[in-house]
Amino acid sequence: MTPSSWRQRLQRQAEGRVTLGRDRAIHPPAGVDFCSNDYLGLRRDPRLAEAATAAAREHGAGAGGARLLRGTTPLHEELEAALAAWKGTEACLLFNTGFQANATLLPALVGAGDAVFSDALNHASLVDGCRLARAGGAHLGIYRHLDLADLAAQLAAWQARAPAEALALVATDAVFSMDGDAADLPDLLELCDRHEALLLIDEAHATGLLGADGAGLAQLQGVHGRVPLVMGTLGKALGAFGAFVGCDALMRDHLVNTARGFIFSTALPPPVVGAALAGARIAQAEPWRRERALAFARGLRNALGQPDLPSAIIPVPVGPDAAAVRLASRLQGLGFDVRAVRPPTVPEGSARLRITTGAHLEEAQVEALIKALRELQPA
């Protein structure tokens, strides 16, 4: 049993969350999926299940160790090669989760005297990676969301006083997970080149969904293969689990030797790797999936009077936490699995519904959700 002093503290914190309308609970799926990141509808595709089964039979249910301790199978290497080719990078390194990858990358690259600059609305994994880098002695700069003038000013101010050998890294989401908006990668690359800064982009919500063959936002914006560090996930559009970093061979070797999350974690299980490899191949071969998901997103945005964005994420601003929870609950009661997002996931006063669309949906289901939103939301 938890010691009484700890129970008292936890009880006070639980009561505070309830008072603020921020108490969270785990709910199983119910109703039509308008909240997952299964953008291409691959999570339940039988081809992924078959690939996972074949991998389990040949290589086992688990990896048995870290990648450096017998945890690597030919499937791991095949998936890394396939992802590198897709992303237009020289090399690739698998990680167990996107959170692990981002939190591991930054402290492995940025040390005492260096600097990391992060968009104000970056994902929590990048935020925590930045905090770890700062704990190691790096300067941390947070620039206003998508404001490259602010980033340029901060880079210039830091470089004016930094040691000659100090280096800077800029980290940004490609598609931002709570708003669905996107970074300007061509201008970011130009800015980073001018300041000799390394650019890391998180394409978790772009991989498989954007670009001519689903390679991501960099492909969509015409800078495919030019971004030095590209993180992507396997558990969203690709329907499996895990993450990866596309980079050059020198960077990969550095991460293999310094990224603590990679070194000290058991490797991805072979069935997961097999499923992810199948998901990546299907994503490239079946463009109708991303076209369908993005078309549904455009339809929802148009119906809600929102500008079009290059993503399948549609935020519905509500404001107060409790109001967002009530609206989500009413939609769930109508058969739509829509969830409320509240602080600290989003800024104070900006609680919202985070709606996503995927290839698994039917047009009638999207139209029914639009009708329900119009009826439930105040004018």
# chains A, B, ... in the order shown; residues from 1 in each chain; ligands from 1
$ residues_around --residues "range 267-281 of chain A" --least-positions-apart "2" --cutoff "6 Å" --atoms "only C-alpha atoms" --output "list in words"
Leu48, Ala51, Ala52, Ala55, Ala56, Gly62, Ala63, Ala66, Arg67, Gly71, Leu79, Asn96, Leu238, Ala240, Ala283 and Gln284 of chain A
$ select_by_dssp --residues "range 168-270 of chain A" --states "helix (DSSP H, G or I)" --output "PyMOL selection string"
chain A and resi 185-194+217-220+249-258+260-263+270
$ write_last_selection --atoms "C-alpha atoms" --output "PDB file, in the first residue's frame"
ATOM      1  CA  LEU A 185      10.863  23.655 -44.120  1.00  0.00           C
ATOM      2  CA  PRO A 186      12.478  25.448 -47.106  1.00  0.00           C
ATOM      3  CA  ASP A 187      12.816  28.684 -45.128  1.00  0.00           C
ATOM      4  CA  LEU A 188      13.933  26.799 -42.025  1.00  0.00           C
ATOM      5  CA  LEU A 189      16.631  25.043 -44.017  1.00  0.00           C
ATOM      6  CA  GLU A 190      17.828  28.334 -45.496  1.00  0.00           C
ATOM      7  CA  LEU A 191      17.944  29.893 -42.034  1.00  0.00           C
ATOM      8  CA  CYS A 192      19.795  26.932 -40.543  1.00  0.00           C
ATOM      9  CA  ASP A 193      22.286  26.904 -43.425  1.00  0.00           C
ATOM     10  CA  ARG A 194      22.972  30.588 -42.879  1.00  0.00           C
ATOM     11  CA  LEU A 217       6.306  17.147 -45.375  1.00  0.00           C
ATOM     12  CA  ALA A 218       9.861  17.541 -46.675  1.00  0.00           C
ATOM     13  CA  GLN A 219       8.779  15.840 -49.887  1.00  0.00           C
ATOM     14  CA  LEU A 220       5.585  17.891 -50.098  1.00  0.00           C
ATOM     15  CA  ALA A 249      25.966   7.465 -41.971  1.00  0.00           C
ATOM     16  CA  LEU A 250      28.230   9.564 -39.747  1.00  0.00           C
ATOM     17  CA  MET A 251      25.248  10.755 -37.690  1.00  0.00           C
ATOM     18  CA  ARG A 252      23.866   7.233 -37.415  1.00  0.00           C
ATOM     19  CA  ASP A 253      27.187   5.973 -36.085  1.00  0.00           C
ATOM     20  CA  HIS A 254      27.215   8.784 -33.533  1.00  0.00           C
ATOM     21  CA  LEU A 255      23.711   7.919 -32.333  1.00  0.00           C
ATOM     22  CA  VAL A 256      24.500   4.202 -32.097  1.00  0.00           C
ATOM     23  CA  ASN A 257      27.354   5.121 -29.762  1.00  0.00           C
ATOM     24  CA  THR A 258      25.776   7.929 -27.726  1.00  0.00           C
ATOM     25  CA  ARG A 260      21.149   6.311 -24.368  1.00  0.00           C
ATOM     26  CA  GLY A 261      17.555   5.441 -25.266  1.00  0.00           C
ATOM     27  CA  PHE A 262      18.857   3.343 -28.149  1.00  0.00           C
ATOM     28  CA  ILE A 263      21.779   1.742 -26.321  1.00  0.00           C
ATOM     29  CA  PRO A 270      10.488  -8.756 -34.876  1.00  0.00           C
TER      30      PRO A 270
END
$ residues_around --residues "Asp184 in chain A" --least-positions-apart "6" --cutoff "12 Å" --atoms "only C-alpha atoms" --output "ChimeraX atom specification"
/A:119,145-148,172-176,190-191,201,217-218,220-223,310
$ atom_distance --atom1 "CA of Ser125 in chain A" --atom2 "CA of Ala312 in chain A"
20.7 Å
$ closest_residue --among "A:Ala368, A:Gly129, A:Ala160, A:Gly180" --to "Asp308 in chain A" --atoms "only C-alpha atoms"
A:Gly180
$ closest_residue --among "A:Ala285, A:Leu167, A:Leu373, A:Leu361" --to "Val32 in chain A" --atoms "only C-alpha atoms"
A:Leu361
$ closest_residue --among "A:His139, A:Lys371, A:Arg144, A:Lys87" --to "Val230 in chain A" --atoms "only C-alpha atoms"
A:Lys87
$ closest_residue --among "A:Gly111, A:Gly21, A:Gly141, A:Gly16" --to "Gly349 in chain A" --atoms "only C-alpha atoms"
A:Gly21
$ atom_distance --atom1 "CA of Ala259 in chain A" --atom2 "CA of Leu93 in chain A"
10.7 Å
$ closest_residue --among "A:Ala84, A:Thr266, A:Ala157, A:Phe117" --to "Leu69 in chain A" --atoms "only C-alpha atoms"
A:Thr266
$ atom_distance --atom1 "CA of Ser265 in chain A" --atom2 "CA of Gly242 in chain A"
12.3 Å
$ decode --residues "range 298-331 of chain A" --atoms "N, CA and C atoms" --output "short mmCIF file (atom, residue, chain, number, x, y, z; two decimals), in the first residue's frame"
data_model
loop_
_atom_site.label_atom_id
_atom_site.label_comp_id
_atom_site.auth_asym_id
_atom_site.auth_seq_id
_atom_site.Cartn_x
_atom_site.Cartn_y
_atom_site.Cartn_z
N ARG A 298 -10.13 17.87 -45.47
CA ARG A 298 -10.52 19.11 -46.15
C ARG A 298 -12.02 19.35 -46.04
N GLY A 299 -12.81 18.28 -46.20
CA GLY A 299 -14.25 18.42 -46.09
C GLY A 299 -14.68 18.90 -44.72
N LEU A 300 -14.08 18.35 -43.69
CA LEU A 300 -14.40 18.77 -42.32
C LEU A 300 -14.01 20.23 -42.09
N ARG A 301 -12.81 20.60 -42.53
CA ARG A 301 -12.37 21.99 -42.32
C ARG A 301 -13.29 22.96 -43.07
N ASN A 302 -13.60 22.63 -44.29
CA ASN A 302 -14.48 23.51 -45.07
C ASN A 302 -15.83 23.68 -44.37
N ALA A 303 -16.38 22.58 -43.87
CA ALA A 303 -17.68 22.64 -43.21
C ALA A 303 -17.62 23.47 -41.93
N LEU A 304 -16.44 23.47 -41.27
CA LEU A 304 -16.30 24.20 -40.02
C LEU A 304 -15.74 25.60 -40.23
N GLY A 305 -15.55 25.99 -41.50
CA GLY A 305 -15.05 27.33 -41.80
C GLY A 305 -13.59 27.53 -41.49
N GLN A 306 -12.81 26.46 -41.54
CA GLN A 306 -11.38 26.54 -41.23
C GLN A 306 -10.56 26.53 -42.52
N PRO A 307 -9.40 27.18 -42.52
CA PRO A 307 -8.53 27.14 -43.69
C PRO A 307 -7.94 25.75 -43.88
N ASP A 308 -7.61 25.42 -45.13
CA ASP A 308 -7.04 24.10 -45.40
C ASP A 308 -5.61 24.03 -44.88
N LEU A 309 -5.24 22.87 -44.40
CA LEU A 309 -3.89 22.63 -43.88
C LEU A 309 -3.41 21.28 -44.39
N PRO A 310 -2.09 21.08 -44.47
CA PRO A 310 -1.57 19.81 -44.99
C PRO A 310 -1.51 18.73 -43.92
N SER A 311 -2.66 18.35 -43.41
CA SER A 311 -2.68 17.30 -42.39
C SER A 311 -4.07 16.70 -42.31
N ALA A 312 -4.19 15.63 -41.55
CA ALA A 312 -5.49 15.02 -41.29
C ALA A 312 -5.93 15.28 -39.85
N ILE A 313 -5.44 16.37 -39.29
CA ILE A 313 -5.77 16.78 -37.92
C ILE A 313 -6.64 18.02 -37.99
N ILE A 314 -7.82 17.97 -37.37
CA ILE A 314 -8.75 19.10 -37.38
C ILE A 314 -9.07 19.48 -35.94
N PRO A 315 -8.50 20.58 -35.44
CA PRO A 315 -8.84 21.02 -34.10
C PRO A 315 -10.17 21.77 -34.09
N VAL A 316 -10.97 21.52 -33.08
CA VAL A 316 -12.21 22.26 -32.91
C VAL A 316 -12.10 23.03 -31.60
N PRO A 317 -11.75 24.32 -31.65
CA PRO A 317 -11.53 25.10 -30.43
C PRO A 317 -12.80 25.18 -29.59
N VAL A 318 -12.62 25.00 -28.28
CA VAL A 318 -13.75 25.12 -27.35
C VAL A 318 -13.45 26.17 -26.30
N GLY A 319 -12.28 26.08 -25.67
CA GLY A 319 -11.89 27.06 -24.65
C GLY A 319 -11.81 26.45 -23.27
N PRO A 320 -12.91 26.51 -22.48
CA PRO A 320 -12.88 25.94 -21.13
C PRO A 320 -12.74 24.42 -21.16
N ASP A 321 -11.98 23.89 -20.23
CA ASP A 321 -11.74 22.45 -20.17
C ASP A 321 -13.04 21.66 -20.06
N ALA A 322 -13.87 22.06 -19.11
CA ALA A 322 -15.10 21.30 -18.86
C ALA A 322 -16.02 21.31 -20.07
N ALA A 323 -16.06 22.42 -20.80
CA ALA A 323 -16.92 22.50 -21.98
C ALA A 323 -16.42 21.56 -23.08
N ALA A 324 -15.10 21.44 -23.21
CA ALA A 324 -14.55 20.52 -24.21
C ALA A 324 -14.88 19.08 -23.86
N VAL A 325 -14.80 18.76 -22.58
CA VAL A 325 -15.12 17.40 -22.13
C VAL A 325 -16.59 17.09 -22.37
N ARG A 326 -17.46 18.06 -22.09
CA ARG A 326 -18.90 17.85 -22.30
C ARG A 326 -19.21 17.63 -23.78
N LEU A 327 -18.60 18.44 -24.64
CA LEU A 327 -18.87 18.30 -26.07
C LEU A 327 -18.38 16.95 -26.59
N ALA A 328 -17.20 16.54 -26.15
CA ALA A 328 -16.69 15.23 -26.56
C ALA A 328 -17.60 14.12 -26.08
N SER A 329 -18.10 14.24 -24.86
CA SER A 329 -18.98 13.22 -24.30
C SER A 329 -20.28 13.11 -25.09
N ARG A 330 -20.82 14.25 -25.49
CA ARG A 330 -22.07 14.22 -26.25
C ARG A 330 -21.85 13.58 -27.62
N LEU A 331 -20.72 13.87 -28.25
CA LEU A 331 -20.42 13.24 -29.54
C LEU A 331 -20.20 11.74 -29.39
#
